[in-house]
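Have a look at the structure below, then the notes.
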Amino acid sequence: MNDIHETIKDIKSKFRLFMNGTVSQSLRDKGMKYKVIFGIEYPRLKEIASAYKPDHALAQALWKEDIRECKIMAGMLQPAETFYPEIAEMWMDDMSCPELAEYTVMTLFQRLPYASEVVFRWIADDREYFRLCGFLLMTRLLANNLKLDERAEAEFTDQAFAAVEGDSAWIKRAASASLCKLALQSRMQAKKMMKLLGPLQKSEKPEVAAAAREIKNEIEYSL
C-alpha cells in the first residue's frame with residue numbers, strides 16, 4: 001500500500017508540472033465539481049501514464065481520488081482482465097461528468113472482454129451514466145465491426161431512438177453517434193436506418209427532428 005501511496009504522490013507531482021489554470025477554470029465553469037482540476041489535456045495525461053505499469057490496485061486508488069486527472073488516468077492503468085462488471089458499475093455510479101464517461105469508455109470499457117455482453121444492459125438502464133456509457137461503448141464496438149443479429153439490432157435501435165427523443169443532451173448525442181456507426185456498416189444498413197429516421201424527422205419536437213436530420217446528414221456525408 002505504501003508503494004501505491006508513493007506512486008500516486010509521484011503522479012501528482014508530475015500533474016503539478018503541467019497544470020493549466022486557464023483550462024482548469026474553464027472546466028469548472030462548465031460544471032465539473034472535482035476537488036482538484038489540474039487542467040491537463042488528454043495527450044499529456046497519456047504521456048504521463050505511459051511511465052507507469054498497468055496495475056489494478058493503483059488504478060483503483062487513483063479512481064478514489066477526487067481529482068479529474070487521477071480518475072481519467074485510472075482508466076488508462078486499469079488492466080481489463082481484473083476489471084469485473086461489478087467494479088464497472090461502481091465506477092459508473094461514481095461518475096459526475098460526461099467527459100469522464102467518454103474517456104473511461106475509450107481507455108478501458110471498450111477493452112473489456114465482456115463489453116458486448118453488458119452494453120445492452122447498460123443502454124437499457126435508468127441511471128444516466130449507465131446509459132451514457134452504454135451508448136458510448138456501443139459506438140466503439142460498432143466501429144470495431146461488432147455485428148448485431150436481427151433481435152439485438154431491434155433492441156438497440158429501440159433504445160437508441162428512445163434516447164434521441166429523451167431529455168439528456170449527452171445521451172442523445174451518444175445514441176445518435178451509435179446509430180450512425182450501425183448505419184455505416186453497410187449500404188443495406190444505411191438504407192434501413194434512413195427509413196427508420198423518417199418519422200423522427202417529422203417529430204413535433206424541434207430538437208428531435210433536428211437530431212434526426214443530423215444523423216441522416218452524417219450518414220449521407222460518410223457514405
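The way I read the labels, and the way they are meant: chains A, B, ... in the order of the C-alpha cells, residue 1 as the first residue of every chain, and ligand 1 as the first ligand shown, with later ones counted on from there.
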Exercise. Using only C-alpha atoms, which residues sit within 7 Å of stretch 151-164 of chain A once same-chain residues fewer than 2 positions away are excluded, as a list in words?
Worked result: Ile123, Ala124, Leu148, Asp149, Gly166, Ile171, Lys172, Ala175, Ser176 and Val208 of chain A
Exercise. Residues at most 10 Å from A:Leu223, counting only C-alpha atoms, excluding those fewer than 3 positions away in the same chain, as a list of chain:residue names?
Worked result: A:Ala183, A:Leu184, A:Gln185, A:Ser186, A:Arg187, A:Ala190, A:Glu218, A:Ile219, A:Glu220
Can I get the selected residues back with N, CA and C atoms, as a PDB file, in the first residue's frame?
ATOM      1  N   ALA A 183     -25.391   2.320 -39.051  1.00  0.00           N
ATOM      2  CA  ALA A 183     -25.794   2.588 -40.435  1.00  0.00           C
ATOM      3  C   ALA A 183     -24.624   2.468 -41.391  1.00  0.00           C
ATOM      4  N   LEU A 184     -23.436   2.817 -40.926  1.00  0.00           N
ATOM      5  CA  LEU A 184     -22.282   2.841 -41.816  1.00  0.00           C
ATOM      6  C   LEU A 184     -21.586   1.487 -41.957  1.00  0.00           C
ATOM      7  N   GLN A 185     -22.145   0.446 -41.335  1.00  0.00           N
ATOM      8  CA  GLN A 185     -21.552  -0.879 -41.502  1.00  0.00           C
ATOM      9  C   GLN A 185     -21.788  -1.438 -42.904  1.00  0.00           C
ATOM     10  N   SER A 186     -22.842  -0.976 -43.565  1.00  0.00           N
ATOM     11  CA  SER A 186     -23.102  -1.430 -44.940  1.00  0.00           C
ATOM     12  C   SER A 186     -24.137  -0.508 -45.580  1.00  0.00           C
ATOM     13  N   ARG A 187     -24.232  -0.548 -46.887  1.00  0.00           N
ATOM     14  CA  ARG A 187     -25.233   0.277 -47.579  1.00  0.00           C
ATOM     15  C   ARG A 187     -26.652  -0.198 -47.237  1.00  0.00           C
ATOM     16  N   ALA A 190     -27.459   1.346 -44.022  1.00  0.00           N
ATOM     17  CA  ALA A 190     -27.708   2.775 -44.213  1.00  0.00           C
ATOM     18  C   ALA A 190     -29.122   3.019 -44.726  1.00  0.00           C
ATOM     19  N   GLU A 218     -25.157  12.978 -41.432  1.00  0.00           N
ATOM     20  CA  GLU A 218     -23.892  12.339 -41.121  1.00  0.00           C
ATOM     21  C   GLU A 218     -23.730  11.046 -41.916  1.00  0.00           C
ATOM     22  N   ILE A 219     -24.806  10.289 -42.011  1.00  0.00           N
ATOM     23  CA  ILE A 219     -24.759   9.036 -42.782  1.00  0.00           C
ATOM     24  C   ILE A 219     -24.501   9.331 -44.261  1.00  0.00           C
ATOM     25  N   GLU A 220     -25.238  10.294 -44.802  1.00  0.00           N
ATOM     26  CA  GLU A 220     -25.083  10.632 -46.213  1.00  0.00           C
ATOM     27  C   GLU A 220     -23.673  11.153 -46.509  1.00  0.00           C
TER      28      GLU A 220
END
For this session: List every residue of stretch 138-195 of chain A that DSSP, applied to the backbone of this structure, places in helix (DSSP H, G or I), and write the result as a PyMOL selection string.
Result: chain A and resi 138-143+150-164+169-183+187-195
Output N, CA and C atoms for every residue in that selection, as a short mmCIF file (atom, residue, chain, number, x, y, z; two decimals), in the first residue's frame.
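The resulting file, selection_12.cif, is reproduced below:
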data_model
loop_
_atom_site.label_atom_id
_atom_site.label_comp_id
_atom_site.auth_asym_id
_atom_site.auth_seq_id
_atom_site.Cartn_x
_atom_site.Cartn_y
_atom_site.Cartn_z
N MET A 138 -21.30 1.23 -27.22
CA MET A 138 -21.87 0.66 -28.43
C MET A 138 -21.28 1.30 -29.68
N THR A 139 -21.07 2.61 -29.64
CA THR A 139 -20.46 3.31 -30.78
C THR A 139 -19.10 2.73 -31.10
N ARG A 140 -18.31 2.48 -30.07
CA ARG A 140 -16.96 1.96 -30.29
C ARG A 140 -16.99 0.50 -30.74
N LEU A 141 -17.89 -0.28 -30.18
CA LEU A 141 -17.99 -1.68 -30.59
C LEU A 141 -18.43 -1.80 -32.05
N LEU A 142 -19.41 -0.98 -32.44
CA LEU A 142 -19.86 -0.99 -33.83
C LEU A 142 -18.77 -0.50 -34.77
N ALA A 143 -17.99 0.49 -34.32
CA ALA A 143 -16.88 0.98 -35.13
C ALA A 143 -15.82 -0.11 -35.32
N GLU A 150 -30.60 -9.92 -35.80
CA GLU A 150 -31.84 -9.17 -36.00
C GLU A 150 -32.47 -8.73 -34.68
N ARG A 151 -32.49 -9.64 -33.71
CA ARG A 151 -33.10 -9.33 -32.42
C ARG A 151 -32.31 -8.26 -31.68
N ALA A 152 -30.98 -8.41 -31.66
CA ALA A 152 -30.13 -7.44 -30.96
C ALA A 152 -30.22 -6.07 -31.63
N GLU A 153 -30.27 -6.07 -32.95
CA GLU A 153 -30.37 -4.80 -33.68
C GLU A 153 -31.68 -4.08 -33.36
N ALA A 154 -32.77 -4.83 -33.29
CA ALA A 154 -34.07 -4.23 -32.97
C ALA A 154 -34.07 -3.66 -31.56
N GLU A 155 -33.47 -4.40 -30.64
CA GLU A 155 -33.39 -3.93 -29.25
C GLU A 155 -32.56 -2.66 -29.16
N PHE A 156 -31.43 -2.65 -29.84
CA PHE A 156 -30.56 -1.48 -29.82
C PHE A 156 -31.23 -0.26 -30.44
N THR A 157 -31.81 -0.42 -31.62
CA THR A 157 -32.42 0.74 -32.28
C THR A 157 -33.60 1.28 -31.48
N ASP A 158 -34.37 0.41 -30.85
CA ASP A 158 -35.48 0.87 -29.99
C ASP A 158 -34.95 1.76 -28.87
N GLN A 159 -33.89 1.30 -28.20
CA GLN A 159 -33.31 2.07 -27.11
C GLN A 159 -32.69 3.37 -27.60
N ALA A 160 -32.01 3.30 -28.75
CA ALA A 160 -31.33 4.48 -29.27
C ALA A 160 -32.32 5.55 -29.71
N PHE A 161 -33.39 5.16 -30.40
CA PHE A 161 -34.38 6.15 -30.83
C PHE A 161 -35.11 6.74 -29.62
N ALA A 162 -35.33 5.94 -28.58
CA ALA A 162 -35.93 6.48 -27.36
C ALA A 162 -35.01 7.51 -26.74
N ALA A 163 -33.70 7.25 -26.79
CA ALA A 163 -32.74 8.19 -26.23
C ALA A 163 -32.69 9.49 -27.04
N VAL A 164 -32.79 9.37 -28.37
CA VAL A 164 -32.80 10.56 -29.23
C VAL A 164 -34.01 11.44 -28.91
N ALA A 169 -29.12 15.76 -23.26
CA ALA A 169 -28.39 16.13 -24.47
C ALA A 169 -27.19 15.21 -24.70
N TRP A 170 -26.51 14.82 -23.64
CA TRP A 170 -25.33 13.96 -23.77
C TRP A 170 -25.72 12.56 -24.25
N ILE A 171 -26.77 12.01 -23.66
CA ILE A 171 -27.22 10.68 -24.07
C ILE A 171 -27.76 10.73 -25.50
N LYS A 172 -28.47 11.79 -25.83
CA LYS A 172 -28.99 11.96 -27.20
C LYS A 172 -27.84 11.95 -28.21
N ARG A 173 -26.78 12.68 -27.87
CA ARG A 173 -25.61 12.76 -28.77
C ARG A 173 -24.93 11.39 -28.91
N ALA A 174 -24.77 10.69 -27.78
CA ALA A 174 -24.12 9.38 -27.81
C ALA A 174 -24.96 8.36 -28.57
N ALA A 175 -26.27 8.39 -28.37
CA ALA A 175 -27.17 7.48 -29.09
C ALA A 175 -27.14 7.76 -30.58
N SER A 176 -27.13 9.03 -30.94
CA SER A 176 -27.08 9.40 -32.36
C SER A 176 -25.80 8.88 -33.02
N ALA A 177 -24.69 9.01 -32.31
CA ALA A 177 -23.41 8.54 -32.85
C ALA A 177 -23.43 7.03 -33.06
N SER A 178 -24.05 6.31 -32.12
CA SER A 178 -24.10 4.85 -32.25
C SER A 178 -25.00 4.43 -33.41
N LEU A 179 -26.09 5.15 -33.63
CA LEU A 179 -26.95 4.85 -34.78
C LEU A 179 -26.20 5.07 -36.09
N CYS A 180 -25.39 6.13 -36.13
CA CYS A 180 -24.58 6.39 -37.33
C CYS A 180 -23.61 5.24 -37.60
N LYS A 181 -22.96 4.76 -36.54
CA LYS A 181 -21.99 3.68 -36.71
C LYS A 181 -22.66 2.41 -37.22
N LEU A 182 -23.86 2.12 -36.72
CA LEU A 182 -24.58 0.96 -37.23
C LEU A 182 -24.91 1.14 -38.70
N ALA A 183 -25.39 2.32 -39.05
CA ALA A 183 -25.79 2.59 -40.44
C ALA A 183 -24.62 2.47 -41.39
N ARG A 187 -24.23 -0.55 -46.89
CA ARG A 187 -25.23 0.28 -47.58
C ARG A 187 -26.65 -0.20 -47.24
N MET A 188 -26.79 -1.48 -47.01
CA MET A 188 -28.10 -2.01 -46.63
C MET A 188 -28.52 -1.44 -45.27
N GLN A 189 -27.55 -1.39 -44.35
CA GLN A 189 -27.85 -0.83 -43.02
C GLN A 189 -28.17 0.66 -43.15
N ALA A 190 -27.46 1.35 -44.02
CA ALA A 190 -27.71 2.78 -44.21
C ALA A 190 -29.12 3.02 -44.73
N LYS A 191 -29.55 2.22 -45.70
CA LYS A 191 -30.90 2.37 -46.24
C LYS A 191 -31.95 2.07 -45.17
N LYS A 192 -31.71 1.06 -44.39
CA LYS A 192 -32.63 0.69 -43.33
C LYS A 192 -32.74 1.82 -42.29
N MET A 193 -31.58 2.43 -41.95
CA MET A 193 -31.58 3.50 -40.97
C MET A 193 -32.30 4.74 -41.50
N MET A 194 -32.09 5.05 -42.76
CA MET A 194 -32.76 6.21 -43.36
C MET A 194 -34.28 6.06 -43.27
N LYS A 195 -34.75 4.83 -43.49
CA LYS A 195 -36.19 4.57 -43.41
C LYS A 195 -36.69 4.76 -41.98
#
Give me, as a compact mmCIF listing (two decimals) with N, CA, C and O atoms, in the first residue's frame, all polymer residues having an atom no more than 8 Å from A:Gln60, counting only C-alpha atoms and skipping those fewer than 3 positions away in the same chain.
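After the write, part.txt holds the following:
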# COMPACT_ATOMS: atom_id res chain seq x y z
N HIS A 56 -3.91 -3.03 -11.14
CA HIS A 56 -5.27 -2.95 -10.64
C HIS A 56 -5.38 -2.09 -9.38
O HIS A 56 -6.22 -1.19 -9.29
N ALA A 57 -4.53 -2.36 -8.40
CA ALA A 57 -4.62 -1.63 -7.13
C ALA A 57 -4.33 -0.14 -7.33
O ALA A 57 -4.99 0.71 -6.72
N TRP A 63 -8.75 6.09 -8.93
CA TRP A 63 -10.17 6.39 -9.12
C TRP A 63 -10.79 6.99 -7.87
O TRP A 63 -11.69 7.84 -7.95
N LYS A 64 -10.32 6.58 -6.71
CA LYS A 64 -10.90 7.07 -5.45
C LYS A 64 -10.52 8.52 -5.15
O LYS A 64 -11.14 9.15 -4.29
N ALA A 74 -6.90 6.57 -14.20
CA ALA A 74 -7.29 5.26 -13.67
C ALA A 74 -7.72 4.33 -14.79
O ALA A 74 -7.37 3.14 -14.80
N GLN A 78 -5.82 0.67 -15.61
CA GLN A 78 -6.57 -0.48 -15.12
C GLN A 78 -6.48 -1.66 -16.10
O GLN A 78 -6.90 -1.55 -17.25
Problem set entry | Given only C-alpha atoms as the counted atoms, nearest of A:Leu197, A:Met92, A:Ile67, A:Leu112 to A:Asp125 | A:Met92
For this session: Write out as an MDAnalysis selection string each polymer residue whose atoms come within 9 Å of A:Val23, counting only C-alpha atoms; drop sequence neighbours fewer than 4 positions from it.
Result: chainID A and resid 19 27:28 37:41
Exercise. Which distance in Å separates atom CA of A:Glu65 and atom CA of A:Gly134, to one decimal?
Worked result: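 Atom CA of A:Gly134 lies 24.0 Å from atom CA of A:Glu65.
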Problem set entry | A:Arg121, A:Arg68, A:His5, A:Lys12 ranked by distance to A:Tyr103, top pick (using only C-alpha atoms) |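 Ranking A:Arg121, A:Arg68, A:His5, A:Lys12 by distance to A:Tyr103, first place goes to A:Arg68.
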Problem set entry | Counting only C-alpha atoms, the option among A:Met76, A:Leu136, A:Leu17, A:Ala88 closest to A:Val105 | A:Leu136
For this session: Please indicate the distance in Å from atom CA of A:Lys33 to atom CA of A:Cys133, rounded to one decimal place.
Result: 19.4 Å
What lies within 9 Å of A:Arg127 using only C-alpha atoms, ignoring chain neighbours under 5 positions off, as a PDB file with N, CA and C atoms, in the first residue's frame?
ATOM      1  N   ASP A  93     -21.508   4.532 -11.245  1.00  0.00           N
ATOM      2  CA  ASP A  93     -22.276   5.177 -10.172  1.00  0.00           C
ATOM      3  C   ASP A  93     -21.552   6.399  -9.632  1.00  0.00           C
ATOM      4  N   TRP A 122     -26.563  -1.893 -20.119  1.00  0.00           N
ATOM      5  CA  TRP A 122     -26.272  -0.509 -19.763  1.00  0.00           C
ATOM      6  C   TRP A 122     -27.172   0.474 -20.507  1.00  0.00           C
ATOM      7  N   LEU A 132     -25.367   6.538 -20.728  1.00  0.00           N
ATOM      8  CA  LEU A 132     -24.374   7.277 -21.499  1.00  0.00           C
ATOM      9  C   LEU A 132     -23.191   6.379 -21.850  1.00  0.00           C
TER      10      LEU A 132
END
Exercise. Could you name the residues that touch stretch 94-96 of chain A at 8 Å or less, counting only C-alpha atoms, but leaving out those on the same chain fewer than 5 positions away, as a list in words?
Worked result: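 That gives Met32, Lys33, Ala101 and Tyr129 of chain A.
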Seminar exercise, completed: A straight line from atom CA of A:Lys46 to atom CA of A:Thr22 spans 20.1 Å
Exercise. Using only C-alpha atoms, which residues sit within 10 Å of A:Gly198 once same-chain residues fewer than 3 positions away are excluded, as a PyMOL selection string?
Worked result: chain A and resi 193-195+201-203+209+212-213+216
